$ cat entry-v7.cif   # mmCIF, C-alpha atoms and all ligand atoms
data_work
#
loop_
_atom_site.label_atom_id
_atom_site.label_comp_id
_atom_site.auth_asym_id
_atom_site.auth_seq_id
_atom_site.Cartn_x
_atom_site.Cartn_y
_atom_site.Cartn_z
CA MET A 1 8.78 6.00 37.29
CA SER A 2 8.11 5.93 33.55
CA LEU A 3 10.66 7.07 31.02
CA ARG A 4 10.15 10.14 28.86
CA ILE A 5 10.62 10.62 25.13
CA LYS A 6 13.91 12.45 25.60
CA ASP A 7 15.29 9.25 27.20
CA LEU A 8 14.63 7.19 24.06
CA PRO A 9 17.53 5.95 21.94
CA ARG A 10 17.87 7.74 18.57
CA ILE A 11 17.77 5.62 15.39
CA PRO A 12 21.44 5.79 14.31
CA ASP A 13 22.54 7.19 10.96
CA TYR A 14 22.16 4.89 7.99
CA VAL A 15 25.30 2.87 7.22
CA GLN A 16 26.03 2.59 3.49
CA GLY A 17 25.59 -0.94 2.19
CA MET A 18 22.98 -2.04 4.73
CA THR A 19 19.53 -3.12 3.53
CA ASP A 20 16.56 -1.25 5.02
CA HIS A 21 15.81 -4.36 7.07
CA GLN A 22 19.34 -4.66 8.45
CA TYR A 23 19.39 -0.98 9.31
CA LEU A 24 16.15 -1.03 11.33
CA GLN A 25 16.87 -4.40 12.92
CA ALA A 26 20.16 -2.94 14.20
CA ALA A 27 18.25 0.02 15.68
CA TRP A 28 15.77 -2.40 17.34
CA LYS A 29 18.68 -3.95 19.29
CA ASN A 30 18.70 -0.75 21.41
CA GLY A 31 15.10 -1.30 22.56
CA PRO A 32 11.53 -1.66 21.28
CA LEU A 33 11.06 2.11 20.85
CA ALA A 34 13.34 4.75 19.34
CA LEU A 35 13.19 8.29 18.02
CA ASP A 36 13.68 8.74 14.25
CA ARG A 37 15.29 11.77 12.62
CA TYR A 38 11.90 13.45 12.00
CA GLY A 39 10.97 13.12 15.68
CA PHE A 40 8.56 10.15 15.30
CA VAL A 41 8.52 7.71 18.24
CA THR A 42 9.04 4.48 16.31
CA ALA A 43 7.93 1.01 17.48
CA PHE A 44 9.80 -2.03 16.13
CA PRO A 45 8.13 -5.25 17.43
CA ALA A 46 4.93 -6.70 15.98
CA ARG A 47 3.24 -6.68 19.41
CA LEU A 48 3.11 -2.84 19.37
CA MET A 49 1.72 -2.46 15.86
CA GLN A 50 -2.01 -2.62 16.68
CA GLU A 51 -1.55 -0.45 19.78
CA PHE A 52 0.03 2.25 17.60
CA MET A 53 -3.08 2.26 15.37
CA ASP A 54 -5.58 2.24 18.24
CA ASP A 55 -7.86 5.27 17.80
CA ARG A 56 -8.55 5.57 21.53
CA TRP A 57 -5.19 7.32 22.02
CA THR A 58 -4.05 8.06 18.46
CA ARG A 59 -5.47 9.66 15.36
CA GLN A 60 -4.64 9.66 11.69
CA ILE A 61 -2.47 12.51 10.39
CA GLU A 62 -4.84 14.77 8.39
CA THR A 63 -3.72 17.74 6.30
CA GLU A 64 -0.72 18.32 8.63
CA GLY A 65 1.38 16.29 6.16
CA MET A 66 0.48 18.75 3.40
CA TYR A 67 1.24 21.76 5.61
CA ALA A 68 4.63 20.22 6.43
CA SER A 69 5.32 20.18 2.68
CA GLY A 70 4.22 23.84 2.40
CA VAL A 71 0.99 22.92 0.55
CA THR A 72 -2.08 24.83 1.75
CA SER A 73 -4.31 24.81 -1.33
CA GLY A 74 -4.69 23.26 -4.79
CA PRO A 75 -5.93 19.93 -6.18
CA MET A 76 -3.71 17.70 -3.99
CA TYR A 77 -4.70 19.63 -0.88
CA ASP A 78 -8.40 19.33 -1.80
CA PHE A 79 -7.98 15.60 -2.35
CA VAL A 80 -6.17 15.01 0.95
CA GLY A 81 -8.73 17.14 2.82
CA ASN A 82 -11.65 15.05 1.53
CA VAL A 83 -10.41 11.47 1.35
CA MET A 84 -11.08 8.89 4.08
CA LEU A 85 -7.46 7.88 4.62
CA PHE A 86 -6.56 11.31 6.01
CA SER A 87 -9.62 11.77 8.23
CA ASN A 88 -10.78 10.68 11.68
CA GLY A 89 -13.80 9.85 13.80
CA ASP A 90 -17.27 10.50 12.41
CA VAL A 91 -15.95 12.13 9.26
CA HIS A 92 -13.93 8.99 8.54
CA ARG A 93 -16.88 6.68 9.32
CA ARG A 94 -19.14 8.64 6.96
CA ARG A 95 -16.62 8.45 4.16
CA ARG A 96 -15.66 4.81 4.68
CA GLY A 97 -19.07 3.19 5.34
CA PRO A 98 -20.55 3.24 1.82
CA LEU A 99 -17.25 2.29 0.18
CA ALA A 100 -16.65 -0.56 2.62
CA ARG A 101 -19.95 -2.12 1.52
CA THR A 102 -18.99 -1.57 -2.13
CA PHE A 103 -15.64 -3.27 -1.55
CA ALA A 104 -17.10 -6.33 0.17
CA ARG A 105 -15.18 -9.52 -0.57
CA LYS A 106 -17.99 -11.05 -2.60
CA LEU A 107 -18.22 -8.09 -5.00
CA MET A 108 -14.44 -8.17 -5.42
CA ALA A 109 -14.43 -11.94 -6.06
CA ASP A 110 -16.74 -11.29 -9.03
CA LEU A 111 -13.92 -9.27 -10.60
CA ARG A 112 -11.39 -12.15 -10.54
CA ASP A 113 -12.11 -13.42 -14.06
CA ASP A 114 -11.72 -9.94 -15.53
CA VAL A 115 -8.45 -9.40 -13.64
CA ALA A 116 -7.18 -12.81 -14.83
CA VAL A 117 -7.90 -11.91 -18.46
CA ARG A 118 -6.06 -8.59 -18.07
CA CYS A 119 -3.03 -10.33 -16.53
CA GLU A 120 -2.91 -12.95 -19.26
CA ARG A 121 -3.22 -10.28 -21.95
CA LEU A 122 -0.34 -8.24 -20.46
CA VAL A 123 1.95 -11.28 -20.08
CA ALA A 124 1.07 -12.68 -23.56
CA SER A 125 2.04 -9.37 -25.20
CA LEU A 126 5.55 -9.65 -23.72
CA ILE A 127 6.47 -13.27 -24.40
CA GLY A 128 9.35 -13.54 -26.86
CA GLN A 129 10.17 -9.83 -26.49
CA GLY A 130 13.54 -10.54 -24.81
CA GLU A 131 14.41 -7.96 -22.15
CA VAL A 132 11.29 -6.40 -20.67
CA ASP A 133 10.84 -3.54 -18.18
CA PHE A 134 8.62 -5.37 -15.66
CA LEU A 135 7.47 -2.18 -13.92
CA ALA A 136 6.47 -0.34 -17.08
CA SER A 137 4.98 -3.40 -18.82
CA ILE A 138 3.16 -5.36 -16.12
CA ALA A 139 3.35 -4.16 -12.52
CA GLY A 140 2.53 -0.51 -13.28
CA PRO A 141 -0.28 -0.89 -15.85
CA LEU A 142 -2.14 -3.72 -14.06
CA PRO A 143 -3.39 -1.92 -10.90
CA ALA A 144 -4.14 1.36 -12.70
CA GLU A 145 -6.04 -0.57 -15.41
CA VAL A 146 -8.04 -2.66 -12.95
CA ILE A 147 -9.26 0.38 -11.02
CA GLY A 148 -9.54 2.45 -14.21
CA ALA A 149 -11.83 -0.23 -15.68
CA MET A 150 -13.86 -0.31 -12.47
CA LEU A 151 -14.40 3.44 -12.81
CA GLY A 152 -15.27 3.14 -16.50
CA VAL A 153 -12.08 4.38 -18.23
CA PRO A 154 -12.10 3.02 -21.81
CA ASP A 155 -9.25 0.57 -22.58
CA ALA A 156 -7.79 2.88 -25.22
CA ASP A 157 -7.29 5.64 -22.62
CA MET A 158 -5.64 3.38 -20.02
CA PRO A 159 -1.95 4.17 -20.69
CA ASP A 160 -2.66 7.90 -20.41
CA PHE A 161 -4.78 7.39 -17.29
CA ALA A 162 -2.06 5.24 -15.67
CA ARG A 163 0.60 7.86 -16.43
CA HIS A 164 -1.43 10.58 -14.66
CA VAL A 165 -2.05 8.28 -11.68
CA TYR A 166 1.64 7.54 -11.01
CA SER A 167 2.64 11.14 -11.56
CA ALA A 168 -0.07 12.53 -9.23
CA ILE A 169 0.81 10.08 -6.43
CA ARG A 170 4.29 11.59 -6.11
CA GLY A 171 2.71 14.68 -4.54
CA LEU A 172 1.85 12.76 -1.36
CA SER A 173 5.56 12.76 -0.43
CA LEU A 174 8.05 15.55 0.19
CA VAL A 175 9.03 16.57 -3.36
CA SER A 176 10.72 19.42 -5.24
CA PRO A 177 8.59 22.41 -6.38
CA GLU A 178 8.84 21.14 -10.00
CA VAL A 179 7.51 17.68 -9.12
CA ARG A 180 4.87 19.28 -6.87
CA ALA A 181 3.60 21.39 -9.81
CA GLU A 182 3.47 18.34 -12.13
CA SER A 183 1.74 16.21 -9.53
CA ASP A 184 -0.81 18.94 -8.81
CA ALA A 185 -1.62 19.21 -12.52
CA ASP A 186 -2.03 15.43 -12.71
CA MET A 187 -4.25 15.36 -9.63
CA ALA A 188 -6.40 18.10 -11.24
CA TYR A 189 -6.66 15.86 -14.32
CA LEU A 190 -7.70 12.83 -12.22
CA LEU A 191 -10.33 14.80 -10.29
CA ASP A 192 -11.75 16.12 -13.56
CA ARG A 193 -11.63 12.77 -15.37
CA VAL A 194 -13.12 10.71 -12.56
CA GLY A 195 -15.72 13.45 -11.97
CA GLY A 196 -16.80 12.99 -15.61
CA LEU A 197 -17.00 9.21 -15.18
CA ILE A 198 -19.19 9.63 -12.08
CA GLU A 199 -21.53 11.91 -14.05
CA THR A 200 -21.77 9.31 -16.83
CA ARG A 201 -22.71 6.60 -14.30
CA ARG A 202 -25.32 8.88 -12.75
CA GLU A 203 -26.93 9.35 -16.16
CA THR A 204 -26.57 5.69 -17.21
CA PRO A 205 -26.26 3.31 -14.25
CA ASP A 206 -24.72 -0.02 -15.33
CA GLY A 207 -24.93 -2.14 -12.15
CA GLY A 208 -21.13 -1.93 -11.77
CA ILE A 209 -19.07 -0.86 -8.76
CA VAL A 210 -19.52 2.89 -9.33
CA SER A 211 -23.28 2.58 -9.78
CA TYR A 212 -23.47 0.43 -6.66
CA TYR A 213 -21.48 3.05 -4.73
CA LEU A 214 -23.53 5.99 -6.08
CA ASP A 215 -26.74 4.24 -5.03
CA ARG A 216 -25.39 4.25 -1.48
CA VAL A 217 -24.20 7.87 -1.32
CA THR A 218 -26.68 9.80 -3.44
CA GLY A 219 -28.80 12.10 -1.29
CA GLY A 220 -26.71 11.15 1.75
CA GLU A 221 -24.28 13.03 3.96
CA LEU A 222 -21.27 13.21 1.65
CA SER A 223 -20.48 16.34 -0.35
CA GLU A 224 -19.81 16.02 -4.09
CA MET A 225 -16.11 16.60 -3.40
CA GLU A 226 -16.08 13.80 -0.82
CA ILE A 227 -17.75 11.38 -3.25
CA LEU A 228 -15.19 12.28 -5.90
CA ALA A 229 -12.25 12.07 -3.48
CA GLN A 230 -13.22 8.52 -2.38
CA MET A 231 -13.26 7.38 -6.02
CA VAL A 232 -9.93 9.04 -6.83
CA GLY A 233 -8.70 7.65 -3.49
CA LEU A 234 -9.14 4.12 -4.83
CA VAL A 235 -6.80 4.85 -7.71
CA VAL A 236 -4.27 6.51 -5.43
CA ALA A 237 -4.39 3.88 -2.65
CA GLY A 238 -4.53 0.90 -4.99
CA SER A 239 -1.89 1.66 -7.60
CA ASP A 240 1.68 2.06 -6.39
CA THR A 241 1.01 -0.25 -3.40
CA THR A 242 0.08 -3.14 -5.70
CA ARG A 243 2.75 -2.16 -8.26
CA GLY A 244 5.52 -2.28 -5.64
CA ALA A 245 4.18 -5.47 -4.05
CA LEU A 246 4.01 -7.34 -7.36
CA THR A 247 7.46 -6.19 -8.44
CA ALA A 248 9.10 -7.11 -5.13
CA THR A 249 7.38 -10.50 -4.96
CA VAL A 250 8.41 -11.49 -8.49
CA SER A 251 11.93 -10.23 -7.86
CA HIS A 252 12.25 -12.37 -4.70
CA LEU A 253 10.80 -15.41 -6.46
CA LEU A 254 13.37 -15.09 -9.24
CA GLN A 255 16.17 -14.71 -6.69
CA ASN A 256 15.02 -17.92 -4.98
CA PRO A 257 14.90 -20.55 -7.76
CA ALA A 258 13.56 -23.33 -5.49
CA GLN A 259 10.62 -21.13 -4.48
CA TRP A 260 9.97 -20.05 -8.07
CA ALA A 261 10.03 -23.75 -9.10
CA LEU A 262 7.52 -24.58 -6.38
CA LEU A 263 5.10 -21.91 -7.59
CA LYS A 264 5.45 -23.03 -11.23
CA GLU A 265 4.89 -26.68 -10.28
CA ASP A 266 1.43 -25.92 -8.84
CA PRO A 267 0.44 -22.24 -9.10
CA GLU A 268 -3.06 -22.83 -7.75
CA LYS A 269 -1.67 -24.43 -4.60
CA TRP A 270 1.15 -22.01 -3.82
CA VAL A 271 -0.03 -18.65 -5.12
CA SER A 272 -1.77 -17.46 -1.99
CA GLY A 273 1.32 -18.28 0.13
CA ALA A 274 3.57 -16.56 -2.41
CA VAL A 275 1.47 -13.38 -2.19
CA SER A 276 1.43 -13.34 1.62
CA GLU A 277 5.15 -14.04 1.80
CA GLY A 278 6.05 -11.39 -0.79
CA LEU A 279 4.03 -8.86 1.22
CA ARG A 280 5.80 -9.91 4.43
CA PHE A 281 9.38 -10.35 3.28
CA ASP A 282 9.70 -7.01 1.51
CA PRO A 283 6.64 -4.94 2.45
CA VAL A 284 5.57 -2.11 0.17
CA ILE A 285 4.40 -0.20 3.26
CA GLY A 286 7.41 0.85 5.34
CA SER A 287 5.59 2.19 8.39
CA ILE A 288 2.27 3.58 9.56
CA GLY A 289 2.24 7.00 11.23
CA ARG A 290 -0.20 8.57 13.68
CA ILE A 291 -0.47 11.47 16.20
CA THR A 292 -1.30 10.78 19.83
CA VAL A 293 -4.43 12.43 21.24
CA GLU A 294 -3.84 11.63 24.89
CA GLN A 295 -1.09 10.64 27.27
CA HIS A 296 -0.32 6.90 27.06
CA GLU A 297 1.99 4.48 28.84
CA ILE A 298 3.72 1.96 26.63
CA GLU A 299 6.77 -0.26 27.30
CA GLY A 300 7.57 1.76 30.43
CA MET A 301 7.45 4.98 28.42
CA SER A 302 5.08 7.88 28.94
CA ILE A 303 4.04 9.34 25.58
CA PRO A 304 2.33 12.76 25.81
CA PRO A 305 -0.50 13.99 23.55
CA ASP A 306 0.42 15.52 20.17
CA THR A 307 3.41 13.19 19.69
CA LEU A 308 4.13 11.82 16.21
CA ILE A 309 4.38 8.04 16.36
CA SER A 310 5.17 5.39 13.77
CA ALA A 311 4.90 1.58 13.71
CA SER A 312 7.68 0.04 11.63
CA MET A 313 6.28 -2.56 9.21
CA LEU A 314 9.75 -3.63 8.10
CA THR A 315 10.70 -4.89 11.57
CA ALA A 316 7.23 -6.12 12.65
CA LEU A 317 7.05 -8.39 9.61
CA ARG A 318 10.41 -9.97 10.52
CA ASP A 319 9.60 -10.32 14.22
CA PRO A 320 10.96 -13.70 15.43
CA ASP A 321 8.16 -13.87 18.03
CA ILE A 322 5.70 -14.28 15.13
CA TYR A 323 7.63 -15.73 12.19
CA ALA A 324 10.00 -18.71 12.30
CA ASP A 325 13.32 -17.94 10.56
CA PRO A 326 11.99 -14.48 9.59
CA ASP A 327 14.86 -13.52 7.26
CA HIS A 328 14.08 -16.55 5.08
CA PHE A 329 11.76 -16.10 2.04
CA ASP A 330 9.44 -19.09 2.16
CA ILE A 331 6.16 -19.23 0.23
CA SER A 332 5.14 -22.37 2.14
CA ARG A 333 5.33 -20.84 5.64
CA ASP A 334 2.22 -21.34 7.73
CA ASP A 335 2.80 -18.73 10.43
CA HIS A 336 1.20 -15.68 8.78
CA PRO A 337 -1.32 -14.14 11.21
CA ARG A 338 -4.93 -14.36 10.02
CA LEU A 339 -4.92 -10.60 9.34
CA HIS A 340 -1.79 -9.71 7.39
CA PRO A 341 -0.21 -6.69 9.15
CA VAL A 342 0.86 -5.10 5.84
CA PHE A 343 -2.77 -4.02 5.33
CA GLY A 344 -2.72 -2.06 8.59
CA GLY A 345 -5.24 -2.22 11.42
CA GLY A 346 -7.79 -0.28 13.43
CA PRO A 347 -10.40 1.86 11.68
CA HIS A 348 -8.21 2.52 8.63
CA ARG A 349 -7.36 -1.11 7.79
CA CYS A 350 -7.05 -1.38 4.02
CA LEU A 351 -10.34 -1.57 2.14
CA GLY A 352 -8.69 -3.00 -0.96
CA GLU A 353 -7.03 -6.11 0.47
CA ALA A 354 -9.33 -8.55 -1.36
CA LEU A 355 -8.78 -6.75 -4.66
CA ALA A 356 -5.02 -6.42 -4.13
CA ARG A 357 -4.75 -10.16 -3.40
CA ILE A 358 -6.77 -11.01 -6.51
CA GLU A 359 -4.50 -8.84 -8.68
CA LEU A 360 -1.30 -10.23 -7.13
CA GLU A 361 -2.50 -13.85 -7.34
CA GLU A 362 -3.69 -13.61 -10.93
CA ALA A 363 -0.51 -11.83 -12.03
CA LEU A 364 1.71 -14.47 -10.37
CA LYS A 365 -0.33 -17.30 -11.87
CA ALA A 366 -0.08 -15.72 -15.33
CA VAL A 367 3.72 -15.37 -15.23
CA ALA A 368 4.24 -18.80 -13.63
CA ARG A 369 2.11 -20.54 -16.28
CA MET A 370 2.81 -18.46 -19.37
CA ALA A 371 6.42 -17.32 -18.78
CA PRO A 372 8.07 -20.15 -16.81
CA GLU A 373 11.47 -19.29 -18.32
CA MET A 374 11.27 -15.70 -17.04
CA ALA A 375 14.63 -14.69 -15.53
CA LEU A 376 16.28 -11.66 -13.92
CA VAL A 377 18.30 -9.28 -16.07
CA GLY A 378 20.84 -7.29 -14.06
CA GLU A 379 20.01 -6.13 -10.55
CA PRO A 380 16.91 -7.49 -8.79
CA ALA A 381 14.21 -4.94 -7.96
CA ARG A 382 14.51 -3.24 -4.58
CA LEU A 383 11.97 -1.47 -2.47
CA ARG A 384 13.59 1.44 -0.63
CA GLY A 385 12.54 3.65 2.26
CA TYR A 386 10.94 3.36 5.71
CA GLY A 387 7.97 5.69 5.26
CA ALA A 388 4.41 5.04 4.06
CA VAL A 389 4.68 3.59 0.52
CA ARG A 390 8.23 2.45 -0.30
CA LYS A 391 9.77 3.34 -3.65
CA VAL A 392 10.49 0.60 -6.16
CA SER A 393 13.63 0.51 -8.32
CA ALA A 394 13.81 -0.42 -12.01
CA PHE A 395 13.35 -4.13 -12.73
CA LYS A 396 14.19 -5.90 -15.96
CA VAL A 397 13.37 -9.51 -16.78
CA ARG A 398 13.90 -11.75 -19.81
CA MET A 399 10.60 -13.21 -21.06
C1 LIG B 401 -0.53 -4.67 -1.83
C2 LIG B 401 -1.41 -3.73 -1.91
C3 LIG B 401 -1.89 -2.87 -0.78
C4 LIG B 401 -1.36 -2.66 0.47
C5 LIG B 401 -0.10 -3.28 1.06
C6 LIG B 401 -2.24 -1.72 1.15
C7 LIG B 401 -2.03 -1.27 2.46
C8 LIG B 401 -2.84 -0.35 3.08
C9 LIG B 401 -2.64 0.15 4.43
C10 LIG B 401 -1.49 -0.24 5.36
C11 LIG B 401 -3.65 1.02 4.71
C12 LIG B 401 -3.86 1.79 6.01
C13 LIG B 401 -2.98 3.02 6.10
C14 LIG B 401 -3.08 3.70 7.44
O1 LIG B 401 -3.68 3.17 8.38
O2 LIG B 401 -2.53 4.81 7.59
C15 LIG B 401 -4.49 1.08 3.53
C16 LIG B 401 -5.62 1.88 3.43
C17 LIG B 401 -6.44 1.90 2.33
N1 LIG B 401 -6.33 1.12 1.19
FE1 LIG B 401 -4.87 -0.22 0.80
N2 LIG B 401 -3.26 -1.39 0.32
C18 LIG B 401 -3.11 -2.08 -0.87
C19 LIG B 401 -3.95 -2.04 -1.96
C20 LIG B 401 -5.13 -1.38 -2.01
C21 LIG B 401 -6.08 -1.44 -3.11
C22 LIG B 401 -5.92 -2.30 -4.37
C23 LIG B 401 -7.10 -0.59 -2.82
C24 LIG B 401 -8.37 -0.26 -3.58
C25 LIG B 401 -8.49 -0.22 -4.82
C26 LIG B 401 -6.82 -0.01 -1.53
C27 LIG B 401 -7.63 0.90 -0.89
C28 LIG B 401 -7.37 1.43 0.35
C29 LIG B 401 -8.21 2.45 0.97
C30 LIG B 401 -9.46 3.08 0.36
C31 LIG B 401 -7.62 2.75 2.20
C32 LIG B 401 -8.11 3.77 3.22
C33 LIG B 401 -8.91 3.08 4.30
C34 LIG B 401 -9.34 4.03 5.41
O3 LIG B 401 -8.72 5.08 5.59
O4 LIG B 401 -10.32 3.72 6.10
N3 LIG B 401 -5.62 -0.51 -1.07
N4 LIG B 401 -3.99 0.24 2.57
#

$ encode --input "entry-v7.cif" --output "structure tokens"
Amino acid sequence: MSLRIKDLPRIPDYVQGMTDHQYLQAAWKNGPLALDRYGFVTAFPARLMQEFMDDRWTRQIETEGMYASGVTSGPMYDFVGNVMLFSNGDVHRRRRGPLARTFARKLMADLRDDVAVRCERLVASLIGQGEVDFLASIAGPLPAEVIGAMLGVPDADMPDFARHVYSAIRGLSLVSPEVRAESDADMAYLLDRVGGLIETRRETPDGGIVSYYLDRVTGGELSEMEILAQMVGLVVAGSDTTRGALTATVSHLLQNPAQWALLKEDPEKWVSGAVSEGLRFDPVIGSIGRITVEQHEIEGMSIPPDTLISASMLTALRDPDIYADPDHFDISRDDHPRLHPVFGGGPHRCLGEALARIELEEALKAVARMAPEMALVGEPARLRGYGAVRKVSAFKVRM
């Protein structure tokens, strides 16, 4: 007879002083599945990750997340209601199809030189400055600038654009009414600003990414709001993910001098491994949540429809069945699966992986070559949390 959800172990209370990894690995010792404090059935091992994202028995959480935060209207609600990430089935396929073609690897590869120049410019401006806030000076501006440039934001407006992006993103989490109001205002700004950029590209196509995308959606099935939401969605999906990933990877490199030395010795050779390992060792995505649509048997457990489920990235990426010596940061490891789990799976697998890797690789190459003496100041950066996008702490380096 299969077990029922009420029989599952609960994830114990957090013990002060544990890292997020230690905390979840301790919970995993009680079995492959457990119930978290929000009622999500959580899976720990890597082997369950893809099954938890399988759209034959699960679906993406749509606007329910907004309702749970008490949000039923406004700019953030409109965005969430129209963007591909929070949709399912045919609606999702309609929204994703044209953008997937726009984000094909080849088109992204053409952006590498531009990204490299941006990284070098950011790093060059900081050399000799002494103590530098890595988040505010490199990791934050880079992703917002890269996508901003893709959308046609002029360079002079970038700092202001980036500020609105990071402020708006906060509204995707549970936040205070004050932060919610600020984030809503910033989302309204982004929708308006990006809407204007789309209009400009309609009037004067330039052969760039937005023109390419508009060629594919104009006169098609998407509403104007859906077209706009997919463009703003790029900024939202591609900014604090890449910011956190770059910060955590650099922080771990600086805490592991032998690994940092290896990268500096031959950046071209080691950079791809450094990016994959940074994304594995301290993933910026804590978990991926879904809702079940039908009854399903898994690990001797019967999970009914309408159950909230979550696949834990933190534990899956340290699963000893996949990774040798998983608690060891090693940029030369050769046991990364062909598809890196941090970019998800199933129909929602990340569309921006190629771009994210280009940004992370070019940023690491720029610091390794141009700032080889870079060193930690004070505490290393930490990613915190177990939910969707983990929060990154302050991070200072000496350049
Ligand atoms: C290190 C950086 C990144 C990581 C770790 C990451 C991870 C992910 C994950 C796990 C998902 C799936 C979420 C789910 O299934 O619920 C996702 C979706 C998505 N990502 Fe990324 N991402 C990164 C960067 C980017 C970038 C740079 C872009 C584009 C500019 C991007 C665009 C998207 C889009 C559009 C989706 C929605 C796909 C869909 O719903 O079909 N991401 N990402």

$ residues_around --input "entry-v7.cif" --residues "Gly300 (chain A)" --least-positions-apart "3" --cutoff "8 Å" --atoms "all atoms listed in the file" --output "PDB file with C-alpha atoms, in the coordinates of the input"
ATOM      1  CA  SER A   2       8.110   5.930  33.550  1.00  0.00           C
ATOM      2  CA  LEU A   3      10.660   7.070  31.020  1.00  0.00           C
ATOM      3  CA  GLU A 297       1.990   4.480  28.840  1.00  0.00           C
TER       4      GLU A 297
END

$ residues_around --input "entry-v7.cif" --residues "Val342 (chain A)" --least-positions-apart "5" --cutoff "8 Å" --atoms "all atoms listed in the file" --output "PyMOL selection string"
chain A and resi 279-280+283-285+313+317

$ write_last_selection --input "entry-v7.cif" --atoms "C-alpha atoms" --output "PDB file, in the frame of the given file"
ATOM      1  CA  LEU A 279       4.030  -8.860   1.220  1.00  0.00           C
ATOM      2  CA  ARG A 280       5.800  -9.910   4.430  1.00  0.00           C
ATOM      3  CA  PRO A 283       6.640  -4.940   2.450  1.00  0.00           C
ATOM      4  CA  VAL A 284       5.570  -2.110   0.170  1.00  0.00           C
ATOM      5  CA  ILE A 285       4.400  -0.200   3.260  1.00  0.00           C
ATOM      6  CA  MET A 313       6.280  -2.560   9.210  1.00  0.00           C
ATOM      7  CA  LEU A 317       7.050  -8.390   9.610  1.00  0.00           C
TER       8      LEU A 317
END

$ residues_near_ligand --input "entry-v7.cif" --ligand "ligand LIG 401 (chain B)" --cutoff "6 Å" --atoms "all atoms listed in the file" --output "VMD selection string"
chain A and resid 84 to 85 96 234 237 to 238 241 to 242 245 284 to 285 288 342 to 344 347 to 353 355 to 356

$ closest_residue --input "entry-v7.cif" --among "A:Tyr213, A:Gly219, A:Leu376, A:Asp192" --to "Phe103 (chain A)" --atoms "only C-alpha atoms"
A:Tyr213

$ residues_near_point --input "entry-v7.cif" --point "(9.0, -16.1, -5.5)" --cutoff "10 Å" --atoms "all atoms listed in the file" --output "number ranges by chain"
A: 248-264, 270-271, 273-275, 277-278, 329-331, 364, 368

$ residues_around --input "entry-v7.cif" --residues "region 162-173 of chain A" --least-positions-apart "3" --cutoff "7 Å" --atoms "all atoms listed in the file" --output "PyMOL selection string"
chain A and resi 141+144+158-159+180+183-184+186-187+236

$ residues_around --input "entry-v7.cif" --residues "region 17-29 of chain A" --least-positions-apart "6" --cutoff "8 Å" --atoms "all atoms listed in the file" --output "list in words"
Ile11, Phe44, Leu314, Thr315, Arg384, Gly385 and Tyr386 of chain A

$ residues_near_point --input "entry-v7.cif" --point "(-5.1, -11.1, -15.9)" --cutoff "9 Å" --atoms "only C-alpha atoms" --output "list of chain:residue names"
A:Arg112, A:Asp113, A:Asp114, A:Val115, A:Ala116, A:Val117, A:Arg118, A:Cys119, A:Glu120, A:Arg121, A:Leu122, A:Val123, A:Leu142, A:Glu359, A:Glu362, A:Ala363, A:Lys365, A:Ala366

$ closest_residue --input "entry-v7.cif" --among "A:Gln230, A:Gln295, A:Ser272, A:Ser73" --to "Gly195 (chain A)" --atoms "only C-alpha atoms"
A:Gln230

$ closest_residue --input "entry-v7.cif" --among "A:Ala394, A:Leu339, A:Ala46, A:Val83" --to "Gly233 (chain A)" --atoms "all atoms listed in the file"
A:Val83

$ axis_aligned_box --input "entry-v7.cif" --around "region 375-383 of chain A" --padding-each-side "4 Å" --output "AutoDock Vina command-line options"
--center_x 16.4 --center_y -8.1 --center_z -9.3 --size_x 16.9 --size_y 21.2 --size_z 21.6
